[in-house]
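*Asks:* Please see the structure below; I have some questions.
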Number of protein chains: 2
Amino acid sequence: MNTSSVLPIRDLRAACSACNLRELCLPVGLSTPDLERLDGLVAQRRHIPRGEDLFRTGERFAQVYAVRSGFFKTGLMLEDGREQVTGFQMTGELLGLDGISTDAHTVTATALEDSQVCVIPFDQLEELSREFNDLQRQFHKIMSREIVRDHGVMLLLGSMKAEERLAAFLVNLTQRLATRGYSSSEVVLRMTREEIGSYLGLKLETVSRTFSRFQEDGLLDVKQRQIRILQQERLKDLVGATTAC
Amino acid sequence: MNTSSVLPIRDLRAACSACNLRELCLPVGLSTPDLERLDGLVAQRRHIPRGEDLFRTGERFAQVYAVRSGFFKTGLMLEDGREQVTGFQMTGELLGLDGISTDAHTVTATALEDSQVCVIPFDQLEELSREFNDLQRQFHKIMSREIVRDHGVMLLLGSMKAEERLAAFLVNLTQRLATRGYSSSEVVLRMTREEIGSYLGLKLETVSRTFSRFQEDGLLDVKQRQIRILQQERLKDLVGATTAC
DNA sequence: ATTCGCCCTTGATCGCCATCAAAGGCGGTG
DNA sequence: CACCGCCTTTGATGGCGATCAAGGGCGAAT
């Protein structure tokens, strides 16, 4: 069952042009007139309560979504019941791009906290991006960035050890949070050890143990999901050994 | 040094519309008039001898490439000298999509046999896809498909054992070859055990040993890079246990 | 034909992480 | 408040794949 609610954007028709995420989201780099056209496109928001799915593997694809608030994971369910998490998404990031290829979603997107997304009908996005070069270019960059991100994860899964993986994960997470104005040394994790492990190709016990080792080494202060980074540099050094050049 | 040669397409200006790859490549689903416009865009071919790079990490991005003949690998070089292979590309597949995000290539593409690519200036591709819905849609599908493929690799790296990984690799490879009219039971590998291992997150010895085990089990006939698949079904079953649903 | 270099195979050993197991923390609910 | 379920931590053990090491195959060059 799906208790998420759909609400049309009421008086505030200035969806994107007044959104404080416009420097992170689809509208990056758009001129004011372009932006206003984009407003017409993003005509709907949806609330997704924590734990609910925004869309599921196999569902028909027709929209992409921009995270307006909250936090999501995307993942595949395996036949044997296990789950492979393919990503975590925060404000300003797009969800659903994988659906374009076959007009069906290939992953399931689940809210890890109460969240809100902007609904972007994909055919309208394509239509508008035929009109506006900048929007077209920006959309292509976003898709390409997703490909690059995935390559980074492949690198991580293919050649890093547990400590390097977790360090890379934390550095990436805090960098993205910092871009959004949050502290880069203090994180409240929205996901379980198991979800982190699935994303990093590790078992939850290994994730937990690695957190503990980082704490013993004075890198982190870990209290359940409250993470405080004490030595950012050493954490980055851990990753650095295996970075692309 | 780069000994690859650039040649304009001479009399045969009918590049895409006469290409026998048009059902696999960018032109999929295009109407005849659209196709002819695409011909004007793909104005150049490049030969890449075996072992040479089509482009390298860090180089400025301006074109995408369609593999016309031959076989490529893409990968990142790590600071410590190791390599992470991110994919293998065969005829009809596009190379360089990762470059869109930052206008610089993030991977290096290397020919694993003497190859030929069609050069597609990206700004012209964008321009044309603003005119033609079908081309725009097809291009978006191709990018999205790359994202989906990457998720599949993440699944493989994140939760499969060595045997499952190699089986998945072989099944995927032969399926793609079959689409192109080649035998699905006989493959000549174009890459080394080390490159396979890098792609699959394994060491070359493990790849070799796993090949040997498959041979002992009667699944394959392995003679260096000559692989004959004896029991396709059992090979698929090996993967099946860990497939998405 | 011989040599060289690269790739592949196979064996022996080691170490990291998975697995199995148990107990503790924390929030939600009756 | 006490109970319950879920998440997390920590310990003990084991297995898979990495690592170290040696030898064999094959094509290219001389």
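Ordered as shown in the structure tokens, chains take letters A, B, and onward, while each chain numbers its residues from 1 and ligands are numbered from 1 in the order shown.
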Fewer than 5 positions away in the same chain doesn't count, so skip those; otherwise give me all residues within 12 Å of Asn172 of chain B, counting only C-alpha atoms (C1' of nucleotides), as JSON, numbers by chain.

*Replies:* {"B": [87, 88, 89, 149, 152, 153, 156, 164, 165, 166, 167, 177, 178, 179, 184, 185, 187, 232, 235, 236, 239]}

*Asks:* Please report as a Markdown table every residue of chain C lying within 9 Å of chain A, along with the nearest atom pair and their distance in Å (one decimal), using only C-alpha atoms (C1' of nucleotides).

*Replies:*
```
| residue | atom | partner | partner_atom | distance |
| --- | --- | --- | --- | --- |
| C:DC16 | C1' | A:Lys161 | CA | 8.6 |
| C:DC17 | C1' | A:Thr206 | CA | 7.2 |
| C:DA18 | C1' | A:Lys203 | CA | 7.3 |
| C:DG25 | C1' | A:Gln224 | CA | 8.9 |
```

*Asks:* Hey, list the chain A side of the contact with chain B: 7 Å cut-off, only C-alpha atoms, answer as JSON, numbers by chain.

*Replies:* {"A": [76, 77, 78, 79, 80, 84, 86, 97, 98, 100, 101, 130, 131, 140, 141, 142, 143, 144, 145, 147, 148, 150, 151, 154, 155, 157, 158, 159, 200, 201, 241, 242, 243, 244, 245]}

*Asks:* When the cut-off is 12 Å and we count only C-alpha atoms (C1' of nucleotides), which residues of chain D are near chain B, given as an MDAnalysis selection string?

*Replies:* chainID D and resid 16:20 25:26

*Asks:* Please dump the current selection as a CSV table (one decimal), in the first residue's frame; keep C-alpha atoms (C1' of nucleotides).

*Replies:*
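What follows is the written file again07.csv:
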```csv
chain,number,residue,atom,x,y,z
D,16,DC,C1',37.1,-17.9,-0.4
D,17,DG,C1',40.0,-15.5,-2.9
D,18,DA,C1',44.6,-12.8,-2.6
D,19,DT,C1',49.2,-13.4,-2.6
D,20,DC,C1',53.6,-15.6,-3.5
D,25,DG,C1',52.3,-22.1,-23.9
D,26,DC,C1',52.4,-19.2,-27.7
```

*Asks:* From a DSSP calculation on the backbone, collect every residue of segment 11-244 of chain A in alpha helix (DSSP H) and output the set as a ChimeraX atom specification.

*Replies:* /A:32-41,122-131,133-159,162-179,193-200,204-216,232-240

*Asks:* Keeping C-alpha atoms, export the residues of the selection given above as a short mmCIF file (atom, residue, chain, number, x, y, z; two decimals), in the first residue's frame.

*Replies:*
```
data_model
loop_
_atom_site.label_atom_id
_atom_site.label_comp_id
_atom_site.auth_asym_id
_atom_site.auth_seq_id
_atom_site.Cartn_x
_atom_site.Cartn_y
_atom_site.Cartn_z
CA THR A 32 15.33 33.33 -15.83
CA PRO A 33 12.95 32.81 -18.76
CA ASP A 34 13.99 29.15 -19.07
CA LEU A 35 13.47 28.74 -15.37
CA GLU A 36 9.96 30.03 -15.58
CA ARG A 37 9.10 27.52 -18.25
CA LEU A 38 10.47 24.81 -16.03
CA ASP A 39 8.06 25.96 -13.34
CA GLY A 40 5.19 24.97 -15.59
CA LEU A 41 6.63 21.52 -15.92
CA PHE A 122 9.52 12.91 -18.64
CA ASP A 123 7.98 13.55 -22.03
CA GLN A 124 7.45 17.17 -21.04
CA LEU A 125 11.03 17.39 -19.86
CA GLU A 126 12.17 16.11 -23.23
CA GLU A 127 9.89 18.55 -24.99
CA LEU A 128 11.18 21.49 -23.03
CA SER A 129 14.78 20.44 -23.46
CA ARG A 130 14.22 20.49 -27.22
CA GLU A 131 13.45 24.16 -26.82
CA ASN A 133 19.74 24.27 -25.05
CA ASP A 134 20.76 24.94 -21.49
CA LEU A 135 18.16 22.65 -20.03
CA GLN A 136 19.07 19.96 -22.52
CA ARG A 137 22.73 20.26 -21.71
CA GLN A 138 22.08 20.26 -17.99
CA PHE A 139 19.95 17.16 -18.22
CA HIS A 140 22.61 15.37 -20.22
CA LYS A 141 25.20 16.35 -17.67
CA ILE A 142 23.08 14.92 -14.90
CA MET A 143 22.72 11.58 -16.67
CA SER A 144 26.40 11.52 -17.46
CA ARG A 145 27.24 12.35 -13.87
CA GLU A 146 25.23 9.34 -12.80
CA ILE A 147 27.33 7.18 -15.11
CA VAL A 148 30.52 8.63 -13.67
CA ARG A 149 29.26 8.06 -10.15
CA ASP A 150 28.50 4.46 -10.97
CA HIS A 151 32.03 4.00 -12.30
CA GLY A 152 33.29 5.30 -8.98
CA VAL A 153 31.23 2.71 -7.16
CA MET A 154 32.53 0.01 -9.47
CA LEU A 155 36.05 1.10 -8.59
CA LEU A 156 35.17 0.95 -4.93
CA LEU A 157 33.58 -2.48 -5.15
CA GLY A 158 36.19 -3.86 -7.48
CA SER A 159 39.39 -2.89 -5.80
CA ALA A 162 36.58 -2.68 3.71
CA GLU A 163 38.26 0.27 5.43
CA GLU A 164 38.78 2.11 2.17
CA ARG A 165 35.20 1.51 1.14
CA LEU A 166 33.72 2.87 4.32
CA ALA A 167 36.06 5.85 4.30
CA ALA A 168 35.11 6.59 0.69
CA PHE A 169 31.47 6.33 1.62
CA LEU A 170 31.80 8.75 4.51
CA VAL A 171 33.87 11.24 2.56
CA ASN A 172 31.39 11.20 -0.30
CA LEU A 173 28.43 11.57 2.01
CA THR A 174 29.87 14.47 3.96
CA GLN A 175 30.99 16.24 0.80
CA ARG A 176 27.49 16.11 -0.58
CA LEU A 177 26.09 17.30 2.73
CA ALA A 178 28.60 20.14 2.84
CA THR A 179 27.46 21.27 -0.62
CA ARG A 193 24.45 -0.85 8.72
CA GLU A 194 22.94 -3.44 6.48
CA GLU A 195 22.05 -0.88 3.80
CA ILE A 196 25.51 0.63 3.97
CA GLY A 197 26.97 -2.84 3.69
CA SER A 198 24.82 -3.71 0.72
CA TYR A 199 25.93 -0.55 -1.04
CA LEU A 200 29.58 -1.21 -0.24
CA LEU A 204 26.64 -5.48 8.22
CA GLU A 205 28.98 -6.95 10.81
CA THR A 206 31.96 -5.81 8.79
CA VAL A 207 30.52 -2.31 8.52
CA SER A 208 29.97 -2.21 12.27
CA ARG A 209 33.45 -3.53 13.02
CA THR A 210 35.02 -1.05 10.66
CA PHE A 211 33.18 1.81 12.34
CA SER A 212 34.50 0.53 15.66
CA ARG A 213 38.05 0.32 14.34
CA PHE A 214 37.82 3.89 13.02
CA GLN A 215 36.68 4.95 16.47
CA GLU A 216 39.55 3.13 18.21
CA GLN A 232 38.95 14.35 8.08
CA GLU A 233 42.42 14.28 6.54
CA ARG A 234 43.32 10.79 7.65
CA LEU A 235 39.97 9.60 6.44
CA LYS A 236 40.64 11.06 3.01
CA ASP A 237 44.12 9.54 3.00
CA LEU A 238 42.57 6.15 3.50
CA VAL A 239 40.64 6.59 0.27
CA GLY A 240 43.37 8.45 -1.56
#
```

*Asks:* Please provide the set of residues having any atom within 12 Å of Leu21 of chain B, restricted to only C-alpha atoms (C1' of nucleotides), with same-chain residues fewer than 3 positions apart removed, written as a ChimeraX atom specification.

*Replies:* /B:15-18,24-28,66-69,90-93,117-118,179-181

*Asks:* Please provide as a VMD selection string all residues within 10 Å of DG5 of chain D, with the sequence filter that same-chain residues fewer than 2 positions apart are discarded (counting only C-alpha atoms (C1' of nucleotides)).

*Replies:* (chain C and resid 27 to 28) or (chain D and resid 3 7)

*Asks:* Write a file of the just-selected residues containing C-alpha atoms (C1' of nucleotides), as a PDB file, in the first residue's frame.

*Replies:*
```pdb
ATOM      1  C1'  DG C  27      12.503   3.396  20.304  1.00  0.00           C
ATOM      2  C1'  DG C  28       7.757   2.281  20.043  1.00  0.00           C
TER       3       DG C  28
ATOM      4  C1'  DC D   3       7.840  -5.620  26.822  1.00  0.00           C
ATOM      5  C1'  DC D   7      19.318  -2.457  14.963  1.00  0.00           C
TER       6       DC D   7
END
```
